[in-house]
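> Below is one structure. I have some questions about it.
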Amino acid sequence: VVTTTRVTHASPAGAYAHIAERNWENDFEVKQSCGRTSNIDDIALQLIHGETGSKFKIMMGGGKHHFVDSSLYSKGKRTDGRNLIEEYKAQNPRNAYVETKEELAKLNLKEVDRILGLFHDSHLEFRLDTDENATQPTLEEMTRRTIEFLSQDENGYFVFIEGGRIDSAHHDNTPRKALDETVEFSKAIQLAREMTNEEDTLIVVTADHSHAFTYGGYPYRGSDIFASSPTKPDDKTPMMVLGYSNGPGHTKFYDSKNGVRHDPTTLMTGKANDEYPATFPRDSETHGGEDVAVYASGPWSHLFTGVYEQNAIPHMMAYALCVGNGLKACD
């Protein structure tokens with residue numbers, strides 16, 4: 001698993017963890033919900049010692065604070081006295097651990113069996129919040145090292161690569177960050193296609209959901225989509241091309257007491273953190289409900305056509321890879 005979120009976050013955890021609550025990323029969260037004697041393994045523990053997670057060859061993203069006890073690391077969130085990073089390293093001297101993009105770049109991939117990279121205590125920073133001194137790798141850089149490492153296996157590999165902070169930015173009603181993170185995701189996809197052969201590598205690109213994100217106002221071709229629309233609403237107050245159905249961007253742009261909208265163009269700074277207008281107030285914007293696209297290239301990519309339930313995707317991938325208990329292409 002490779003992600004720009006915590007490696008224990010919902011989507012990457014879905015690749016290796018079995019648990020009833022997505023927020024049980026460390027033992028403290030489990031104890032808070034279930035008591036001290038529940039014997040439920042938290043998500044971080046399942047990644048290091050679980051039946052599935054312990055077999056993963058590469059795990060990169062954020063979330064360091066879920067792996068270390070607070071008494072051993074000032075930002076740690078565990079309360080069981082354990083340092084799962086040290087336990088992972090102790091499993092095998094060829095288990096590599098890295099915390100910076102420099103360490104990742106210098107790693108001799110022929111001398112290691114597994115790689116754990118935790119580049120932030122929580123999620124990785126948005127690219128627009130970093131500068132030239134940033135120590136975290138980009139999704140593209142993580143993708144490059146991942147494919148270089150896994151392609152050494154003559155039996156092939158499966159890897160989950162996520163641009164997870166697209167979601168975070170939309171929840172905050174900050175489309176500059178969301179669309180920039182989408183560009184970063186696109187770079188990783190392009191690199192993966194360049195580094196692999198379409199004759200023997202199936203690449204599937206999709207999302208787990210949409211967002212309540214809108215694009216409207218008839219903007220002119222080639223105009224700045226972050227700017228106001230040439231279309232004027234009935235209240236004669238400018239509107240932005242981009243907006244949200246709900247989220248934290250409501251209060252800033254709507255005077256609920258007087259029932260009027262503020263001019264959004266007077267509140268925009270052009271900076272990455274610009275919130276955009278939302279119709280209904282919420283602390284966090286919601287997901288949307290429409291179908292999402294699935295793009296595929298490579299062997300058996302023709303299976304990924306039409307409309308189908310999301311749970312069909314792993315079955316089709318397993319069919320192409322000839323793994324699992326169901327029908328296989330090699331049958």
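By convention in this document, the chains of the structure tokens carry letters A, B, ... by their order, each chain's residues are numbered from 1, and ligands are numbered from 1 in the order they are shown.
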Could you pull out the strand (DSSP E) residues of range 92-303 of chain A, going by DSSP on the backbone, and write them as a VMD selection string?

chain A and resid 95 to 98 114 to 118 161 to 162 203 to 206 213 to 215 242 to 247 254 to 255 260 to 261 278 to 281 294 to 297

> Could you list, as a list in words, every residue within 12 Å of Asn92 in chain A, counting only C-alpha atoms and ignoring same-chain residues fewer than 3 positions away?

Ser54, Glu86, Glu87, Tyr88, Lys89, Asn95, Ala96, Tyr97, Val112, Asp113, Arg114 and Ile115 of chain A

> For a quick check of understanding, using only C-alpha atoms, which of A:Asn26, A:Glu99, A:Ile58, A:Arg36 has the smallest distance to Ser70 in chain A?

A:Asn26

> Rank A:Gly217, A:Asn325, A:Met195, A:His9 by their smallest atom-to-atom distance to Arg165 in chain A, using only C-alpha atoms, and report the top residue only.

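Nearest candidate to Arg165 in chain A out of A:Gly217, A:Asn325, A:Met195, A:His9: A:His9.
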
> Compile the contact shell of Gly243 in chain A as a PDB file with N, CA, C and O atoms, in the first residue's frame: residues with an atom at most 8 Å away, counting only C-alpha atoms, same-chain residues fewer than 2 positions apart removed.


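See out_14.pdb below for the written result:
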```pdb
ATOM      1  N   ASN A 173     -13.501  22.216   1.604  1.00  0.00           N
ATOM      2  CA  ASN A 173     -13.943  23.213   0.598  1.00  0.00           C
ATOM      3  C   ASN A 173     -12.782  24.022   0.043  1.00  0.00           C
ATOM      4  O   ASN A 173     -12.900  25.226  -0.222  1.00  0.00           O
ATOM      5  N   PHE A 213     -19.193  18.577  -5.065  1.00  0.00           N
ATOM      6  CA  PHE A 213     -18.360  19.624  -5.683  1.00  0.00           C
ATOM      7  C   PHE A 213     -19.015  20.023  -6.993  1.00  0.00           C
ATOM      8  O   PHE A 213     -19.421  19.161  -7.772  1.00  0.00           O
ATOM      9  N   THR A 214     -19.157  21.308  -7.240  1.00  0.00           N
ATOM     10  CA  THR A 214     -19.878  21.770  -8.425  1.00  0.00           C
ATOM     11  C   THR A 214     -19.009  22.649  -9.313  1.00  0.00           C
ATOM     12  O   THR A 214     -18.093  23.332  -8.844  1.00  0.00           O
ATOM     13  N   TYR A 215     -19.304  22.601 -10.584  1.00  0.00           N
ATOM     14  CA  TYR A 215     -18.607  23.389 -11.602  1.00  0.00           C
ATOM     15  C   TYR A 215     -19.702  24.014 -12.471  1.00  0.00           C
ATOM     16  O   TYR A 215     -20.426  23.299 -13.162  1.00  0.00           O
ATOM     17  N   MET A 240     -18.735  32.230  -7.892  1.00  0.00           N
ATOM     18  CA  MET A 240     -17.525  31.570  -8.332  1.00  0.00           C
ATOM     19  C   MET A 240     -17.882  30.431  -9.285  1.00  0.00           C
ATOM     20  O   MET A 240     -18.973  29.874  -9.220  1.00  0.00           O
ATOM     21  N   VAL A 241     -16.960  30.101 -10.169  1.00  0.00           N
ATOM     22  CA  VAL A 241     -17.171  28.955 -11.059  1.00  0.00           C
ATOM     23  C   VAL A 241     -17.274  27.668 -10.232  1.00  0.00           C
ATOM     24  O   VAL A 241     -18.121  26.824 -10.485  1.00  0.00           O
ATOM     25  N   SER A 245     -21.916  21.921  -2.492  1.00  0.00           N
ATOM     26  CA  SER A 245     -23.292  21.851  -2.007  1.00  0.00           C
ATOM     27  C   SER A 245     -23.366  22.081  -0.503  1.00  0.00           C
ATOM     28  O   SER A 245     -24.373  22.567   0.002  1.00  0.00           O
ATOM     29  N   TYR A 276     -14.078  27.857  -0.663  1.00  0.00           N
ATOM     30  CA  TYR A 276     -15.027  28.259  -1.699  1.00  0.00           C
ATOM     31  C   TYR A 276     -16.452  28.114  -1.174  1.00  0.00           C
ATOM     32  O   TYR A 276     -16.701  27.350  -0.232  1.00  0.00           O
ATOM     33  N   PRO A 277     -17.397  28.860  -1.755  1.00  0.00           N
ATOM     34  CA  PRO A 277     -18.764  28.895  -1.217  1.00  0.00           C
ATOM     35  C   PRO A 277     -19.430  27.532  -1.164  1.00  0.00           C
ATOM     36  O   PRO A 277     -19.253  26.695  -2.048  1.00  0.00           O
ATOM     37  N   ALA A 278     -20.213  27.334  -0.103  1.00  0.00           N
ATOM     38  CA  ALA A 278     -21.011  26.122   0.068  1.00  0.00           C
ATOM     39  C   ALA A 278     -22.446  26.521   0.405  1.00  0.00           C
ATOM     40  O   ALA A 278     -22.664  27.486   1.140  1.00  0.00           O
TER      41      ALA A 278
END
```

> Residues at most 12 Å from range 147-157 of chain A, counting only C-alpha atoms, excluding those fewer than 5 positions away in the same chain, as a VMD selection string?

chain A and resid 1 to 2 56 to 59 104 to 105 107 to 115 140 to 142 188 to 189 191 to 197 200 to 203 317 to 318 320 to 323

> Would you kindly return, as JSON, numbers by chain, each protein, DNA or RNA residue with an atom no farther than 9 Å from any atom of Lys271 in chain A, considering only C-alpha atoms and excluding same-chain residues fewer than 3 positions away?

{"A": [176, 268, 274]}

> Under the rule that only C-alpha atoms are counted, which of A:Cys34, A:Val260, A:Ala212, A:Leu116 is the nearest residue to Val98 in chain A?

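Once distances to Val98 in chain A are computed over only C-alpha atoms, the minimum belongs to A:Leu116.
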
> Mind checking which residues fall within 7 Å of Thr5 in chain A, counting only C-alpha atoms, ignoring those fewer than 5 positions away in the same chain, and posting them as a short mmCIF file (atom, residue, chain, number, x, y, z; two decimals) with N, CA and C atoms, in the first residue's frame?


```
data_model
loop_
_atom_site.label_atom_id
_atom_site.label_comp_id
_atom_site.auth_asym_id
_atom_site.auth_seq_id
_atom_site.Cartn_x
_atom_site.Cartn_y
_atom_site.Cartn_z
N GLY A 61 3.45 5.93 3.48
CA GLY A 61 2.49 7.00 3.66
C GLY A 61 2.78 7.73 4.95
N GLY A 62 1.73 8.17 5.64
CA GLY A 62 1.89 8.83 6.93
C GLY A 62 1.37 7.95 8.04
N HIS A 123 -1.46 12.46 8.23
CA HIS A 123 -1.42 12.45 6.77
C HIS A 123 -0.19 13.22 6.28
N LEU A 124 0.25 12.92 5.06
CA LEU A 124 1.28 13.74 4.45
C LEU A 124 0.73 15.13 4.21
N GLY A 164 -4.78 10.17 -1.62
CA GLY A 164 -5.85 10.29 -0.64
C GLY A 164 -6.17 11.68 -0.16
N ARG A 165 -5.28 12.64 -0.41
CA ARG A 165 -5.53 13.97 0.12
C ARG A 165 -6.42 14.81 -0.80
#
```

> Point out the residue among A:Tyr16, A:His287, A:Arg82, A:Ser33 with the least atom-to-atom distance to Gly50 in chain A, counting only C-alpha atoms.

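For Gly50 in chain A, the nearest of the candidates is A:Tyr16.
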
> Take CA of Thr174 in chain A and CA of His262 in chain A and report the distance between them in Å, one decimal.

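So the two atoms, CA of Thr174 in chain A and CA of His262 in chain A, lie 17.9 Å apart.
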
> Enumerate, as a ChimeraX atom specification, the complete set of residues in range 93-204 of chain A that a backbone-based DSSP assignment places in helix (DSSP H, G or I).

/A:101-106,109-111,127-129,139-150,165-171,175-195

> At a cut-off of 8 Å, using only C-alpha atoms, what residues contact Leu47 in chain A? Leave out same-chain residues fewer than 4 positions from it and give the result as a list in words.

Thr8, Tyr16, Ala17, Ile43, Thr52, Gly53 and Ser54 of chain A

> Quick check, in Å to one decimal: how far apart do CA of Pro219 in chain A and CA of Val294 in chain A lie?

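Separation of CA of Pro219 in chain A and CA of Val294 in chain A: 27.3 Å.
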
> Could you check how far CA of Thr135 in chain A sits from CA of Lys106 in chain A, in Å to one decimal?

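CA of Lys106 in chain A lies at a distance of 13.4 Å from CA of Thr135 in chain A.
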
> For Asp180 in chain A, which of A:Asn273, A:Ile161, A:Arg22, A:Pro93 is the closest residue, counting only C-alpha atoms?

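Closest to Asp180 in chain A, using only C-alpha atoms: A:Asn273.
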
> Could you tell me which of A:Ser256, A:Thr3, A:Thr182, A:Ser74 comes closest to Pro281 in chain A if we count only C-alpha atoms?

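For Pro281 in chain A, the nearest of the candidates is A:Ser256.
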